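Have a look at query-v3.pdb below; it lists PDB, C-alpha atoms.
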```pdb
MODEL        1
ATOM      1  CA  MET X  25     180.312 161.349 103.456
ATOM      2  CA  ALA X  26     176.849 160.499 104.880
ATOM      3  CA  ARG X  27     177.097 163.242 107.506
ATOM      4  CA  GLU X  28     178.101 165.775 104.867
ATOM      5  CA  ARG X  29     175.092 164.784 102.782
ATOM      6  CA  LEU X  30     172.814 165.038 105.818
ATOM      7  CA  ALA X  31     174.170 168.458 106.745
ATOM      8  CA  GLY X  32     173.550 169.643 103.186
ATOM      9  CA  ALA X  33     170.005 168.254 103.273
ATOM     10  CA  ALA X  34     169.424 169.983 106.607
ATOM     11  CA  ARG X  35     170.408 173.317 105.093
ATOM     12  CA  ALA X  36     168.092 172.721 102.125
ATOM     13  CA  ALA X  37     165.132 171.618 104.252
ATOM     14  CA  LEU X  38     165.486 173.849 107.304
ATOM     15  CA  GLY X  39     167.915 176.603 106.274
ATOM     16  CA  ARG X  40     166.185 180.015 106.182
ATOM     17  CA  GLY X  41     169.135 181.562 107.939
ATOM     18  CA  ARG X  42     169.797 178.503 110.087
ATOM     19  CA  ARG X  43     173.000 176.481 110.054
ATOM     20  CA  PRO X  44     173.335 172.766 110.882
ATOM     21  CA  GLU X  45     174.969 172.270 114.265
ATOM     22  CA  ALA X  46     174.779 168.509 114.888
ATOM     23  CA  VAL X  47     173.875 165.238 113.211
ATOM     24  CA  GLU X  48     172.924 162.626 115.821
ATOM     25  CA  ARG X  49     172.180 158.986 115.127
ATOM     26  CA  VAL X  50     168.847 157.872 116.596
ATOM     27  CA  ALA X  51     168.532 154.389 118.073
ATOM     28  CA  GLY X  52     166.601 151.898 115.969
ATOM     29  CA  GLY X  53     166.468 151.451 112.227
ATOM     30  CA  SER X  54     168.030 148.180 111.134
ATOM     31  CA  ARG X  55     167.439 148.711 107.396
ATOM     32  CA  LYS X  56     167.981 152.478 107.132
ATOM     33  CA  GLY X  57     169.903 155.149 108.979
ATOM     34  CA  VAL X  58     167.833 157.402 111.249
ATOM     35  CA  TYR X  59     169.424 160.715 112.276
ATOM     36  CA  ARG X  60     168.301 163.789 114.180
ATOM     37  CA  LEU X  61     169.403 167.027 112.513
ATOM     38  CA  VAL X  62     169.930 169.923 114.912
ATOM     39  CA  MET X  63     170.209 173.504 113.668
ATOM     40  CA  ASP X  64     171.934 176.386 115.453
ATOM     41  CA  ASP X  65     168.578 177.738 116.717
ATOM     42  CA  ALA X  66     167.611 174.287 118.134
ATOM     43  CA  THR X  67     165.226 173.550 115.256
ATOM     44  CA  THR X  68     165.304 169.800 114.593
ATOM     45  CA  ALA X  69     164.221 167.282 111.985
ATOM     46  CA  ILE X  70     164.680 163.567 111.335
ATOM     47  CA  ALA X  71     166.579 162.168 108.363
ATOM     48  CA  TYR X  72     165.900 158.727 106.926
ATOM     49  CA  LEU X  73     168.839 157.513 104.868
ATOM     50  CA  TRP X  74     168.418 154.403 102.732
ATOM     51  CA  ASP X  75     171.845 153.168 101.772
ATOM     52  CA  ASP X  76     173.551 149.783 101.759
ATOM     53  CA  ALA X  77     175.946 151.023 104.427
ATOM     54  CA  GLU X  78     172.967 151.652 106.756
ATOM     55  CA  ASN X  79     171.427 148.186 106.317
ATOM     56  CA  TYR X  80     172.454 145.705 109.035
ATOM     57  CA  TRP X  81     170.626 142.754 107.467
ATOM     58  CA  PRO X  82     172.610 140.110 105.570
ATOM     59  CA  GLN X  83     171.189 139.627 102.094
ATOM     60  CA  ALA X  84     168.660 136.804 101.724
ATOM     61  CA  GLU X  85     166.735 135.295  98.834
ATOM     62  CA  GLY X  86     163.850 137.485  97.690
ATOM     63  CA  ASP X  87     164.894 140.599  99.605
ATOM     64  CA  ASN X  88     164.591 142.805  96.531
ATOM     65  CA  ASP X  89     161.379 141.260  95.197
ATOM     66  CA  LEU X  90     158.673 143.907  95.631
ATOM     67  CA  THR X  91     156.079 141.481  94.273
ATOM     68  CA  ASP X  92     156.497 139.580  97.543
ATOM     69  CA  PRO X  93     154.372 141.538 100.058
ATOM     70  CA  LEU X  94     156.523 140.281 102.947
ATOM     71  CA  SER X  95     159.887 141.156 101.435
ATOM     72  CA  PRO X  96     161.681 143.840 103.477
ATOM     73  CA  GLY X  97     160.628 147.343 102.528
ATOM     74  CA  ARG X  98     163.577 149.607 101.710
ATOM     75  CA  GLY X  99     163.815 152.831  99.812
ATOM     76  CA  LEU X 100     162.334 156.256  99.287
ATOM     77  CA  ASP X 101     159.698 155.106  96.762
ATOM     78  CA  LEU X 102     158.152 152.674  99.238
ATOM     79  CA  PHE X 103     158.222 155.307 101.970
ATOM     80  CA  GLN X 104     156.523 157.947  99.835
ATOM     81  CA  ALA X 105     153.806 155.591  98.599
ATOM     82  CA  ALA X 106     153.061 154.436 102.146
ATOM     83  CA  HIS X 107     153.105 158.006 103.464
ATOM     84  CA  ALA X 108     150.670 159.154 100.757
ATOM     85  CA  ARG X 109     148.265 156.286 101.443
ATOM     86  CA  LEU X 110     148.217 156.785 105.226
ATOM     87  CA  ASP X 111     147.890 160.550 104.879
ATOM     88  CA  ALA X 112     144.934 160.103 102.497
ATOM     89  CA  LEU X 113     143.253 157.903 105.112
ATOM     90  CA  GLY X 114     143.660 160.582 107.780
ATOM     91  CA  VAL X 115     146.346 158.676 109.688
ATOM     92  CA  ARG X 116     148.859 161.040 111.304
ATOM     93  CA  VAL X 117     152.335 160.576 109.822
ATOM     94  CA  PRO X 118     155.449 162.753 110.137
ATOM     95  CA  ALA X 119     155.337 165.632 107.659
ATOM     96  CA  ILE X 120     157.873 165.375 104.838
ATOM     97  CA  ARG X 121     160.236 168.359 104.608
ATOM     98  CA  LEU X 122     162.485 167.224 101.754
ATOM     99  CA  VAL X 123     163.235 164.205  99.575
ATOM    100  CA  ASP X 124     166.479 163.470  97.752
ATOM    101  CA  ARG X 125     166.671 160.639  95.230
ATOM    102  CA  GLY X 126     170.457 160.604  95.081
ATOM    103  CA  GLY X 127     172.070 157.208  94.724
ATOM    104  CA  GLU X 128     172.198 154.559  92.038
ATOM    105  CA  SER X 129     170.076 151.900  93.766
ATOM    106  CA  ASP X 130     166.249 151.833  93.780
ATOM    107  CA  ALA X 131     166.537 151.272  97.519
ATOM    108  CA  ALA X 132     168.633 154.441  97.972
ATOM    109  CA  GLY X 133     167.378 157.881  98.874
ATOM    110  CA  LEU X 134     166.989 160.393 101.663
ATOM    111  CA  ALA X 135     163.954 161.934 103.316
ATOM    112  CA  ILE X 136     163.858 164.733 105.880
ATOM    113  CA  VAL X 137     160.736 164.562 108.033
ATOM    114  CA  GLU X 138     159.187 166.250 111.024
ATOM    115  CA  ASP X 139     160.824 165.470 114.356
ATOM    116  CA  LEU X 140     158.570 164.120 117.121
ATOM    117  CA  PRO X 141     161.064 163.951 119.972
ATOM    118  CA  GLY X 142     158.833 162.811 122.845
ATOM    119  CA  GLU X 143     158.012 159.327 124.084
ATOM    120  CA  ASN X 144     156.968 156.533 121.791
ATOM    121  CA  LEU X 145     153.926 154.439 122.677
ATOM    122  CA  GLN X 146     156.050 151.681 124.208
ATOM    123  CA  GLN X 147     157.680 154.114 126.615
ATOM    124  CA  LEU X 148     154.366 155.771 127.457
ATOM    125  CA  LEU X 149     152.662 152.444 128.194
ATOM    126  CA  ALA X 150     155.526 151.465 130.486
ATOM    127  CA  ARG X 151     155.556 154.815 132.326
ATOM    128  CA  ASP X 152     151.829 155.553 132.666
ATOM    129  CA  PRO X 153     149.234 153.198 131.147
ATOM    130  CA  SER X 154     146.408 155.568 132.076
ATOM    131  CA  ALA X 155     148.060 158.417 130.158
ATOM    132  CA  ALA X 156     148.425 156.048 127.196
ATOM    133  CA  ALA X 157     144.694 155.247 127.119
ATOM    134  CA  PRO X 158     143.614 158.179 124.887
ATOM    135  CA  VAL X 159     146.540 157.479 122.560
ATOM    136  CA  MET X 160     145.429 153.850 122.275
ATOM    137  CA  ALA X 161     141.882 155.022 121.536
ATOM    138  CA  ARG X 162     143.177 157.182 118.696
ATOM    139  CA  LEU X 163     145.350 154.342 117.457
ATOM    140  CA  ARG X 164     142.218 152.210 117.295
ATOM    141  CA  GLU X 165     140.610 154.923 115.144
ATOM    142  CA  ALA X 166     143.640 154.944 112.835
ATOM    143  CA  LEU X 167     143.495 151.159 112.511
ATOM    144  CA  GLU X 168     139.776 151.377 111.717
ATOM    145  CA  ALA X 169     140.498 153.882 108.942
ATOM    146  CA  MET X 170     143.131 151.521 107.525
ATOM    147  CA  ARG X 171     140.798 148.521 107.840
ATOM    148  CA  GLY X 172     138.015 150.439 106.130
ATOM    149  CA  HIS X 173     140.046 151.021 102.963
ATOM    150  CA  ARG X 174     139.695 147.942 100.759
ATOM    151  CA  ALA X 175     141.517 146.707  97.693
ATOM    152  CA  CYS X 176     140.845 143.727  95.471
ATOM    153  CA  ALA X 177     144.573 143.017  95.211
ATOM    154  CA  TYR X 178     147.104 142.236  97.909
ATOM    155  CA  GLY X 179     150.694 143.384  98.096
ATOM    156  CA  LYS X 180     152.840 146.369  98.941
ATOM    157  CA  VAL X 181     150.952 149.656  98.714
ATOM    158  CA  ALA X 182     153.641 151.007  96.363
ATOM    159  CA  VAL X 183     153.022 148.086  93.995
ATOM    160  CA  VAL X 184     149.228 147.821  94.165
ATOM    161  CA  ASP X 185     148.515 151.569  94.050
ATOM    162  CA  ALA X 186     150.678 151.753  90.909
ATOM    163  CA  GLY X 187     148.612 149.000  89.242
ATOM    164  CA  GLY X 188     151.090 146.181  89.840
ATOM    165  CA  THR X 189     150.445 142.637  90.989
ATOM    166  CA  SER X 190     152.041 140.405  93.592
ATOM    167  CA  ARG X 191     153.316 136.879  93.325
ATOM    168  CA  GLN X 192     151.478 133.832  94.702
ATOM    169  CA  THR X 193     147.681 133.659  94.555
ATOM    170  CA  SER X 194     146.678 134.894  98.005
ATOM    171  CA  CYS X 195     147.938 136.462 101.223
ATOM    172  CA  GLU X 196     147.846 133.090 102.932
ATOM    173  CA  GLY X 197     149.905 131.592 100.093
ATOM    174  CA  VAL X 198     152.553 134.281 100.518
ATOM    175  CA  VAL X 199     152.573 133.737 104.277
ATOM    176  CA  LEU X 200     152.949 129.978 103.896
ATOM    177  CA  ASP X 201     155.900 130.389 101.519
ATOM    178  CA  ARG X 202     157.581 132.831 103.881
ATOM    179  CA  ALA X 203     156.861 130.699 106.967
ATOM    180  CA  LEU X 204     158.364 127.575 105.381
ATOM    181  CA  ARG X 205     161.479 129.557 104.481
ATOM    182  CA  ALA X 206     161.679 130.959 108.003
ATOM    183  CA  LEU X 207     161.325 127.446 109.406
ATOM    184  CA  ALA X 208     164.163 126.150 107.236
ATOM    185  CA  GLU X 209     166.333 129.130 108.135
ATOM    186  CA  ALA X 210     165.675 128.818 111.856
ATOM    187  CA  ALA X 211     166.263 125.055 111.760
ATOM    188  CA  SER X 212     169.674 125.648 110.171
ATOM    189  CA  ARG X 213     170.644 127.913 113.069
ATOM    190  CA  ASP X 214     169.099 126.281 116.136
ATOM    191  CA  PRO X 215     168.968 122.551 116.947
ATOM    192  CA  ARG X 216     165.714 122.859 118.901
ATOM    193  CA  ILE X 217     163.871 124.069 115.799
ATOM    194  CA  ALA X 218     165.678 121.438 113.729
ATOM    195  CA  ARG X 219     164.388 118.659 115.997
ATOM    196  CA  ALA X 220     160.838 120.000 115.794
ATOM    197  CA  ARG X 221     160.949 120.913 112.101
ATOM    198  CA  ASP X 222     158.666 118.119 110.878
ATOM    199  CA  ARG X 223     156.035 118.886 113.513
ATOM    200  CA  LEU X 224     156.197 122.615 112.809
ATOM    201  CA  GLU X 225     155.878 122.088 109.054
ATOM    202  CA  GLU X 226     152.960 119.708 109.504
ATOM    203  CA  ARG X 227     151.226 122.236 111.736
ATOM    204  CA  LEU X 228     151.831 125.084 109.285
ATOM    205  CA  LEU X 229     150.376 123.114 106.379
ATOM    206  CA  ALA X 230     147.327 122.070 108.405
ATOM    207  CA  LEU X 231     146.628 125.627 109.550
ATOM    208  CA  ALA X 232     147.061 127.005 106.027
ATOM    209  CA  ALA X 233     144.689 124.392 104.603
ATOM    210  CA  ALA X 234     141.939 125.561 106.956
ATOM    211  CA  VAL X 235     142.008 129.150 105.648
ATOM    212  CA  ARG X 236     139.254 129.985 103.175
ATOM    213  CA  PRO X 237     139.850 132.301 100.186
ATOM    214  CA  ARG X 238     139.240 136.019 100.527
ATOM    215  CA  ALA X 239     138.700 138.571  97.744
ATOM    216  CA  GLN X 240     139.370 141.887  99.517
ATOM    217  CA  TYR X 241     142.257 143.199 101.564
ATOM    218  CA  THR X 242     142.879 146.099 103.927
ATOM    219  CA  VAL X 243     145.755 148.465 104.621
ATOM    220  CA  VAL X 244     148.207 146.887 107.078
ATOM    221  CA  HIS X 245     151.385 148.356 108.579
ATOM    222  CA  GLY X 246     152.904 144.913 109.097
ATOM    223  CA  GLU X 247     155.168 145.634 112.091
ATOM    224  CA  LEU X 248     153.080 147.970 114.223
ATOM    225  CA  GLY X 249     154.808 147.425 117.524
ATOM    226  CA  PRO X 250     154.508 150.187 120.160
ATOM    227  CA  ASP X 251     158.082 151.238 119.399
ATOM    228  CA  HIS X 252     156.903 152.046 115.862
ATOM    229  CA  VAL X 253     154.267 154.476 117.132
ATOM    230  CA  LEU X 254     155.421 157.941 118.170
ATOM    231  CA  VAL X 255     153.164 160.283 120.153
ATOM    232  CA  ASP X 256     152.886 163.929 119.105
ATOM    233  CA  THR X 257     152.262 166.892 121.416
ATOM    234  CA  ASP X 258     148.489 166.580 120.898
ATOM    235  CA  GLY X 259     148.487 162.930 121.960
ATOM    236  CA  ASN X 260     148.072 161.547 118.456
ATOM    237  CA  PRO X 261     149.706 158.215 117.555
ATOM    238  CA  VAL X 262     152.132 158.584 114.655
ATOM    239  CA  PRO X 263     153.184 155.352 112.893
ATOM    240  CA  ILE X 264     156.770 155.231 111.654
ATOM    241  CA  ASP X 265     158.840 152.622 109.758
ATOM    242  CA  ILE X 266     156.021 152.521 107.239
ATOM    243  CA  GLU X 267     157.858 151.213 104.175
ATOM    244  CA  ASP X 268     156.307 147.743 104.550
ATOM    245  CA  LEU X 269     152.744 149.120 104.324
ATOM    246  CA  MET X 270     150.664 146.677 102.299
ATOM    247  CA  TYR X 271     147.218 145.452 101.381
ATOM    248  CA  CYS X 272     146.806 142.230 103.311
ATOM    249  CA  ASP X 273     144.519 140.355 105.680
ATOM    250  CA  VAL X 274     143.692 142.473 108.709
ATOM    251  CA  GLU X 275     144.443 139.426 110.865
ATOM    252  CA  TRP X 276     148.147 139.774 110.000
ATOM    253  CA  GLU X 277     148.189 143.186 111.708
ATOM    254  CA  HIS X 278     146.274 142.038 114.769
ATOM    255  CA  VAL X 279     148.434 138.980 115.355
ATOM    256  CA  PHE X 280     151.498 141.236 115.422
ATOM    257  CA  LEU X 281     149.759 143.729 117.713
ATOM    258  CA  ARG X 282     148.838 140.926 120.120
ATOM    259  CA  ILE X 283     152.395 139.598 120.123
ATOM    260  CA  ARG X 284     153.915 143.000 120.848
ATOM    261  CA  LEU X 285     151.342 144.544 123.179
ATOM    262  CA  HIS X 286     150.265 141.552 125.300
ATOM    263  CA  ASP X 287     147.565 142.745 127.755
ATOM    264  CA  ALA X 288     147.804 146.318 126.453
ATOM    265  CA  TYR X 289     146.283 145.066 123.176
ATOM    266  CA  ARG X 290     142.742 144.972 124.657
ATOM    267  CA  PRO X 291     141.685 148.487 123.548
ATOM    268  CA  LEU X 292     142.531 147.552 119.954
ATOM    269  CA  GLN X 293     140.467 144.352 119.797
ATOM    270  CA  VAL X 294     137.922 144.133 116.990
ATOM    271  CA  ALA X 295     135.114 141.679 116.367
ATOM    272  CA  GLY X 296     134.805 139.415 113.382
ATOM    273  CA  LEU X 297     138.411 138.414 112.793
ATOM    274  CA  ASP X 298     138.929 135.032 111.126
ATOM    275  CA  GLU X 299     140.084 132.558 113.780
ATOM    276  CA  ASP X 300     141.671 130.232 111.214
ATOM    277  CA  ARG X 301     143.794 133.069 109.858
ATOM    278  CA  LEU X 302     144.705 134.199 113.361
ATOM    279  CA  ALA X 303     145.958 130.716 114.284
ATOM    280  CA  PHE X 304     147.929 130.293 111.045
ATOM    281  CA  TYR X 305     149.456 133.764 111.133
ATOM    282  CA  LEU X 306     150.442 133.389 114.783
ATOM    283  CA  LEU X 307     152.698 130.402 114.076
ATOM    284  CA  ALA X 308     154.014 132.030 110.892
ATOM    285  CA  GLN X 309     154.965 135.203 112.756
ATOM    286  CA  ARG X 310     156.579 133.300 115.619
ATOM    287  CA  LEU X 311     158.809 131.542 113.098
ATOM    288  CA  SER X 312     159.597 134.800 111.304
ATOM    289  CA  LEU X 313     160.464 136.476 114.612
ATOM    290  CA  THR X 314     162.829 133.605 115.319
ATOM    291  CA  ALA X 315     164.527 133.307 111.943
ATOM    292  CA  GLY X 316     164.820 137.045 111.267
ATOM    293  CA  PRO X 317     166.671 137.996 114.462
ATOM    294  CA  LEU X 318     168.948 134.948 114.145
ATOM    295  CA  ARG X 319     169.884 136.076 110.624
ATOM    296  CA  LEU X 320     170.394 139.653 111.780
ATOM    297  CA  LEU X 321     172.904 138.348 114.326
ATOM    298  CA  ASP X 322     174.991 136.991 111.427
ATOM    299  CA  GLY X 323     175.874 140.606 110.668
ATOM    300  CA  ASP X 324     177.167 143.474 112.802
ATOM    301  CA  PHE X 325     173.893 144.648 114.341
ATOM    302  CA  PRO X 326     174.943 146.480 117.517
ATOM    303  CA  ASP X 327     172.226 145.556 120.060
ATOM    304  CA  ARG X 328     172.947 141.847 119.975
ATOM    305  CA  ALA X 329     171.630 140.903 123.415
ATOM    306  CA  PHE X 330     168.228 142.399 122.659
ATOM    307  CA  MET X 331     167.958 140.671 119.284
ATOM    308  CA  ALA X 332     169.059 137.327 120.733
ATOM    309  CA  ALA X 333     166.343 137.674 123.385
ATOM    310  CA  VAL X 334     163.706 138.341 120.697
ATOM    311  CA  ALA X 335     164.753 135.182 118.836
ATOM    312  CA  GLU X 336     164.823 133.065 122.000
ATOM    313  CA  TYR X 337     161.404 134.199 123.192
ATOM    314  CA  ASN X 338     159.697 133.611 119.860
ATOM    315  CA  LEU X 339     161.491 130.311 119.354
ATOM    316  CA  ASN X 340     160.002 129.011 122.601
ATOM    317  CA  GLN X 341     156.584 130.395 121.730
ATOM    318  CA  ALA X 342     156.689 128.611 118.344
ATOM    319  CA  LEU X 343     157.654 125.322 119.966
ATOM    320  CA  ALA X 344     154.835 125.700 122.498
ATOM    321  CA  LEU X 345     152.334 125.789 119.616
ATOM    322  CA  VAL X 346     153.251 122.243 118.536
ATOM    323  CA  ARG X 347     153.685 120.587 121.925
ATOM    324  CA  ALA X 348     151.055 117.960 122.655
TER
ENDMDL
END
```

Kindly transcribe the structure held in the file into structure tokens.
Amino acid sequence: MARERLAGAARAALGRGRRPEAVERVAGGSRKGVYRLVMDDATTAIAYLWDDAENYWPQAEGDNDLTDPLSPGRGLDLFQAAHARLDALGVRVPAIRLVDRGGESDAAGLAIVEDLPGENLQQLLARDPSAAAPVMARLREALEAMRGHRACAYGKVAVVDAGGTSRQTSCEGVVLDRALRALAEAASRDPRIARARDRLEERLLALAAAVRPRAQYTVVHGELGPDHVLVDTDGNPVPIDIEDLMYCDVEWEHVFLRIRLHDAYRPLQVAGLDEDRLAFYLLAQRLSLTAGPLRLLDGDFPDRAFMAAVAEYNLNQALALVRA
């Protein structure tokens, strides 16, 4: 049924005398289906399909709460709001060819977007760091454009730009709530976290208490790993998986970038980040990157060895932050 729908969408978006020849699943996408549509003249496009059948994540408390900035972003509405915001800021995003709001759920929907079939930034950095340098410079420019756009409210771009409000009273409050839940979840699945739970909670509370209030927030992708940055034929970085785009502390973005890029992060460094927020968000993200993959393994996610390795690495990194 999904492939029939995708073939029909391909005809609507790319037809003009063309006929769909193949629908190929693209690796990645744990919350939505990602497919390459190939026409009989070799024209291609990418389909994003939001459907419960395409979501590998077991349901958890708060998953559908859009007033929680850190709840998982799913659905066409979130994608379109994030796409519009990034495009308005001059950030290169895949062009939208067609949208289809079919489906009964708010998290359902289909989008056909431009195909960028070359390397992503992760692959380019691994193959030729020198060739990646101009792409990293342009990524820095994109991040500066996002950081330069301020809002007096925090939360998902789809919520805030529509005049809505988020729960909790601050970004750091949301992060603390989520980190304590991640700690409890990880402790229920791994005895090493369980043994260190009191120390980890004490450290989280101490780090959160040191963070001073802030009244303005910037545009943040939230999971801007190098595998979520495609590279177009002109060498421009193209962020994907943008549904979680939010107004948040810029430190949240830079902690994630540091975690994912390691030494390759240097070209993206910026001055003036809040060290207290960086320290707090680092532990919070380590716990999230432990609990999340462990929960994903409860389901039928196919690349289990990779996800187990992500959980194990971040688990050890979290424990290292509370060792005397």

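Compared by their closest atoms to Ala156 in chain X, and using all atoms listed in the file, the residues X:Ala26, X:Leu285, X:Val255, X:Met270 rank with X:Val255 nearest.
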
Report as a tab-separated table the residues of range 131-192 of chain X within 9 Å of range 96-100 of chain X, each with its shortest atom pair and distance in Å (one decimal), using all atoms listed in the file, ordered by chain and increasing residue number.
```
residue	atom	partner	partner_atom	distance
X:Ala131	CA	X:Gly99	CA	3.9
X:Ala132	CA	X:Gly99	CA	5.4
X:Gly133	CA	X:Leu100	CA	5.3
X:Leu134	CA	X:Leu100	CA	6.7
X:Ala135	CA	X:Leu100	CA	7.1
X:Lys180	CA	X:Gly97	CA	8.6
```

From the set X:Asp139, X:Asp152, X:Asp185, X:Glu196, which residue has the shortest atom-to-atom contact distance to Ala288 in chain X, counting all atoms listed in the file? X:Asp152

Which protein, DNA or RNA residues have an atom at most 10 Å from (174.6, 154.9, 104.5), counting all atoms listed in the file? List them as a count of residues only. 18

Please write the residues picked by the PyMOL selection byres ((chain X and resi 292) around 8) on this file as a ChimeraX atom specification. /X:160-161,163-164,289-291,293-294
